[in-house]
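To be precise, the following lines are query.cif, and they hold mmCIF, C-alpha atoms.
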```cif
data_upload
#
loop_
_atom_site.group_PDB
_atom_site.id
_atom_site.type_symbol
_atom_site.label_atom_id
_atom_site.label_comp_id
_atom_site.auth_asym_id
_atom_site.auth_seq_id
_atom_site.Cartn_x
_atom_site.Cartn_y
_atom_site.Cartn_z
ATOM 1 C CA MET A 24 92.581 123.917 93.431
ATOM 2 C CA PRO A 25 94.155 123.082 96.807
ATOM 3 C CA ASP A 26 93.399 119.734 98.396
ATOM 4 C CA ARG A 27 92.042 119.926 101.954
ATOM 5 C CA LEU A 28 93.904 116.722 102.745
ATOM 6 C CA ASP A 29 97.085 118.788 102.805
ATOM 7 C CA ASP A 30 95.621 120.819 105.697
ATOM 8 C CA LEU A 31 95.429 117.822 108.033
ATOM 9 C CA ARG A 32 98.287 118.147 110.520
ATOM 10 C CA TYR A 33 98.644 114.401 111.075
ATOM 11 C CA TYR A 34 98.936 113.945 107.314
ATOM 12 C CA GLN A 35 101.607 116.656 107.096
ATOM 13 C CA ILE A 36 103.616 115.033 109.885
ATOM 14 C CA SER A 37 103.290 111.595 108.257
ATOM 15 C CA LEU A 38 104.640 112.957 104.958
ATOM 16 C CA GLN A 39 107.513 114.630 106.784
ATOM 17 C CA LEU A 40 108.232 111.380 108.601
ATOM 18 C CA TRP A 41 108.336 109.587 105.238
ATOM 19 C CA ASP A 42 111.035 111.997 104.032
ATOM 20 C CA GLU A 43 113.001 111.612 107.268
ATOM 21 C CA MET A 44 112.740 107.829 107.040
ATOM 22 C CA TRP A 45 114.651 107.987 103.744
ATOM 23 C CA ASN A 46 117.619 109.588 105.505
ATOM 24 C CA ASP A 47 117.362 107.195 108.445
ATOM 25 C CA THR A 48 117.378 104.134 106.231
ATOM 26 C CA GLU A 49 120.487 105.325 104.397
ATOM 27 C CA THR A 50 122.286 104.935 107.717
ATOM 28 C CA MET A 51 120.633 101.630 108.571
ATOM 29 C CA MET A 52 121.374 100.050 105.175
ATOM 30 C CA ARG A 53 125.057 99.932 106.103
ATOM 31 C CA ASP A 54 124.315 97.098 108.546
ATOM 32 C CA VAL A 55 122.942 93.719 107.411
ATOM 33 C CA ARG A 56 120.406 93.754 110.283
ATOM 34 C CA GLY A 57 119.371 97.263 109.358
ATOM 35 C CA LYS A 58 118.469 96.187 105.830
ATOM 36 C CA GLU A 59 115.596 94.065 107.122
ATOM 37 C CA ILE A 60 114.389 96.813 109.456
ATOM 38 C CA THR A 61 114.578 99.249 106.541
ATOM 39 C CA LYS A 62 112.194 97.133 104.479
ATOM 40 C CA GLN A 63 109.675 97.017 107.309
ATOM 41 C CA LEU A 64 109.991 100.738 108.056
ATOM 42 C CA ALA A 65 109.459 101.666 104.417
ATOM 43 C CA ARG A 66 106.251 99.628 104.364
ATOM 44 C CA SER A 67 104.854 100.767 107.705
ATOM 45 C CA VAL A 68 105.769 104.468 107.430
ATOM 46 C CA GLY A 69 104.502 104.558 103.847
ATOM 47 C CA SER A 70 101.283 102.925 104.951
ATOM 48 C CA ILE A 71 100.537 105.742 107.410
ATOM 49 C CA CYS A 72 100.084 108.370 104.687
ATOM 50 C CA ALA A 73 98.696 105.928 102.130
ATOM 51 C CA ASN A 74 95.812 104.914 104.389
ATOM 52 C CA ILE A 75 95.022 108.525 105.260
ATOM 53 C CA GLU A 76 94.954 109.304 101.542
ATOM 54 C CA GLU A 77 92.786 106.339 100.622
ATOM 55 C CA GLY A 78 90.334 106.908 103.445
ATOM 56 C CA TYR A 79 90.100 110.617 102.705
ATOM 57 C CA GLY A 80 89.414 109.821 99.075
ATOM 58 C CA ARG A 81 86.462 107.663 100.072
ATOM 59 C CA GLY A 82 84.707 110.466 101.974
ATOM 60 C CA PHE A 83 83.946 110.962 105.627
ATOM 61 C CA GLY A 84 81.781 107.958 106.412
ATOM 62 C CA LYS A 85 82.612 104.660 108.087
ATOM 63 C CA GLU A 86 85.303 103.866 105.549
ATOM 64 C CA TYR A 87 87.336 106.974 106.379
ATOM 65 C CA VAL A 88 87.347 106.050 110.066
ATOM 66 C CA GLN A 89 88.399 102.494 109.208
ATOM 67 C CA PHE A 90 91.307 103.739 107.095
ATOM 68 C CA LEU A 91 92.336 106.077 109.908
ATOM 69 C CA ARG A 92 92.442 103.016 112.168
ATOM 70 C CA TYR A 93 94.694 101.263 109.650
ATOM 71 C CA SER A 94 96.893 104.354 109.540
ATOM 72 C CA ARG A 95 97.102 104.489 113.333
ATOM 73 C CA GLY A 96 98.052 100.802 113.364
ATOM 74 C CA SER A 97 100.818 101.480 110.859
ATOM 75 C CA ALA A 98 102.062 104.356 113.011
ATOM 76 C CA ARG A 99 102.212 102.043 116.028
ATOM 77 C CA GLU A 100 104.051 99.450 113.948
ATOM 78 C CA SER A 101 106.493 102.108 112.725
ATOM 79 C CA LYS A 102 107.166 103.159 116.303
ATOM 80 C CA GLY A 103 108.050 99.555 117.093
ATOM 81 C CA TRP A 104 110.417 99.345 114.137
ATOM 82 C CA TYR A 105 112.106 102.602 115.133
ATOM 83 C CA TYR A 106 112.544 101.192 118.628
ATOM 84 C CA ARG A 107 114.145 98.058 117.187
ATOM 85 C CA ALA A 108 116.447 100.276 115.079
ATOM 86 C CA ARG A 109 117.679 102.165 118.138
ATOM 87 C CA LYS A 110 121.145 100.546 117.990
ATOM 88 C CA LEU A 111 121.584 101.676 114.399
ATOM 89 C CA LEU A 112 120.423 105.288 114.751
ATOM 90 C CA ASP A 113 121.570 108.277 116.738
ATOM 91 C CA PRO A 114 119.509 108.265 119.957
ATOM 92 C CA LYS A 115 118.253 111.807 119.264
ATOM 93 C CA VAL A 116 117.012 110.757 115.827
ATOM 94 C CA GLN A 117 115.298 107.649 117.186
ATOM 95 C CA MET A 118 113.608 109.635 119.953
ATOM 96 C CA ALA A 119 112.504 112.351 117.494
ATOM 97 C CA ARG A 120 110.894 109.748 115.226
ATOM 98 C CA GLU A 121 109.077 108.126 118.139
ATOM 99 C CA LYS A 122 107.856 111.561 119.263
ATOM 100 C CA ALA A 123 106.528 112.309 115.753
ATOM 101 C CA LEU A 124 104.793 108.928 115.702
ATOM 102 C CA ASP A 125 103.265 109.590 119.126
ATOM 103 C CA GLN A 126 101.887 112.866 117.736
ATOM 104 C CA ILE A 127 100.438 111.129 114.694
ATOM 105 C CA ILE A 128 98.867 108.409 116.847
ATOM 106 C CA ALA A 129 97.322 110.965 119.208
ATOM 107 C CA MET A 130 95.982 113.146 116.387
ATOM 108 C CA ILE A 131 94.515 110.230 114.457
ATOM 109 C CA SER A 132 92.952 108.851 117.645
ATOM 110 C CA LYS A 133 91.322 112.227 118.266
ATOM 111 C CA ALA A 134 90.109 112.425 114.655
ATOM 112 C CA ILE A 135 88.570 108.947 114.948
ATOM 113 C CA GLN A 136 86.889 109.890 118.207
ATOM 114 C CA THR A 137 85.502 113.133 116.721
ATOM 115 C CA LEU A 138 84.215 111.465 113.566
ATOM 116 C CA GLU A 139 82.571 108.647 115.514
ATOM 117 C CA GLN A 140 80.928 111.145 117.862
ATOM 118 C CA LYS A 141 79.566 113.160 114.910
ATOM 119 C CA ARG A 142 78.203 109.962 113.431
ATOM 120 C CA ARG A 143 76.474 109.022 116.699
ATOM 121 C CA ASP A 144 75.035 112.537 117.042
ATOM 122 C CA ASN A 145 73.515 112.312 113.541
ATOM 123 C CA ILE A 146 71.815 108.969 114.136
#
```

Write-out of the structure in structure tokens:
Amino acid sequence: MPDRLDDLRYYQISLQLWDEMWNDTETMMRDVRGKEITKQLARSVGSICANIEEGYGRGFGKEYVQFLRYSRGSARESKGWYYRARKLLDPKVQMAREKALDQIIAMISKAIQTLEQKRRDNI
């Protein structure tokens, strides 16, 4: 039975970003400074999808919205780490990752807004 979580576009993009981060960190690991950034990126990028998954698994109440907020925070953190990695990555790669993170942030923000509005309408 298919999981509806897989239909969420921001989740799909976050999983794709996770895969791309693996390739990016291969490049960054060649530099001692990049090794530290790599650790942070792995945590923050991984946290984007993990929080979506955990929140989704808890249902669509307050907890889901809270986990989406955590996920959005991790996406913002990841964007910061990609910015700090700009001297270690091809500029096109760095810009593409920031664009993907901007998409994730915007989509999650809209999802939070929609879910909160539905909750207010049902009160």

Worksheet entry | Closest of A:Tyr33, A:Phe83, A:Leu91, A:Lys110 to A:Lys141 - atom-to-atom distances counting all atoms listed in the file |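 Ranked by minimum distance to A:Lys141, first place goes to A:Phe83.
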
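Distances to A:Ala119 were evaluated for A:Met44, A:Gln35, A:Arg142, A:Ser94 using only C-alpha atoms, and the minimum falls at A:Met44.
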
Practice prompt. Check which residues satisfy the PyMOL selection byres ((chain A and resi 88) around 10) in the file shown, then give them as a list of chain:residue names.
Written response: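 Applying the expression gives A:Ile75, A:Gly78, A:Tyr79, A:Gly82, A:Phe83, A:Gly84, A:Lys85, A:Glu86, A:Tyr87, A:Gln89, A:Phe90, A:Leu91, A:Arg92, A:Tyr93, A:Ser94, A:Ile131, A:Ser132, A:Ala134, A:Ile135, A:Gln136, A:Thr137, A:Leu138, A:Glu139.
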
Please identify all polymer residues within 8 Å of stretch 100-107 of chain A, counting only C-alpha atoms, omitting same-chain residues fewer than 2 positions from it, and present them as a PDB file with C-alpha atoms, in the coordinates of the input.
```pdb
ATOM      1  CA  ILE A  60     114.389  96.813 109.456  1.00  0.00           C
ATOM      2  CA  GLN A  63     109.675  97.017 107.309  1.00  0.00           C
ATOM      3  CA  LEU A  64     109.991 100.738 108.056  1.00  0.00           C
ATOM      4  CA  SER A  67     104.854 100.767 107.705  1.00  0.00           C
ATOM      5  CA  VAL A  68     105.769 104.468 107.430  1.00  0.00           C
ATOM      6  CA  GLY A  96      98.052 100.802 113.364  1.00  0.00           C
ATOM      7  CA  SER A  97     100.818 101.480 110.859  1.00  0.00           C
ATOM      8  CA  ALA A  98     102.062 104.356 113.011  1.00  0.00           C
ATOM      9  CA  ARG A 109     117.679 102.165 118.138  1.00  0.00           C
ATOM     10  CA  LYS A 110     121.145 100.546 117.990  1.00  0.00           C
ATOM     11  CA  GLN A 117     115.298 107.649 117.186  1.00  0.00           C
ATOM     12  CA  ARG A 120     110.894 109.748 115.226  1.00  0.00           C
ATOM     13  CA  GLU A 121     109.077 108.126 118.139  1.00  0.00           C
ATOM     14  CA  LEU A 124     104.793 108.928 115.702  1.00  0.00           C
TER      15      LEU A 124
END
```

Worksheet, complete the sentence: From atom CA of A:Thr50 to atom CA of A:Ser70 the spacing works out at 21.3 Å

Discussion item. Using all atoms listed in the file for the distances, tell me which of A:Trp45, A:Asp144, A:Lys122, A:Tyr34 is nearest to A:Glu76.
Written reply: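 Counting all atoms listed in the file, the residue closest to A:Glu76 is A:Tyr34.
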
Worksheet item: Any idea what the distance is between atom CA of A:Asn145 and atom CA of A:Ile71?
Response: 28.5 Å

Discussion item. Could you tell me how far atom CA of A:Ile36 sits from atom CA of A:Gly69, in Å to one decimal place?
Written reply: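 For atom CA of A:Gly69 relative to atom CA of A:Ile36, the distance reads 12.1 Å.
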
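Across A:Leu40, A:Glu59, A:Ala65, A:Ala108, the tightest approach to A:Asp125 is made by A:Leu40 when counting all atoms listed in the file.
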
Practice prompt. Enumerate, as a VMD selection string, the residues matched when the PyMOL selection byres ((chain A and resi 49) around 12) is run on the file above.
Written response: chain A and resid 42 to 48 50 to 54 57 to 58 60 to 62 65 111 to 112

Axis-aligned box over every listed atom of stretch 78-92 of chain A, padded by 5 Å per side: centre and edges in Å to one decimal, as lines of an AutoDock Vina configuration file?
```
center_x = 87.1
center_y = 106.7
center_z = 105.6
size_x = 20.7
size_y = 18.5
size_z = 23.1
```

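Shortest separation to A:Gln126 among A:Asn74, A:Val55, A:Pro114, A:Arg32 occurs at residue A:Arg32, atoms counted being all atoms listed in the file.
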
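Nearest residue to A:Gln39, choosing from A:Gly80, A:Ala123, A:Lys133, A:Arg66 and counting all atoms listed in the file: A:Ala123.
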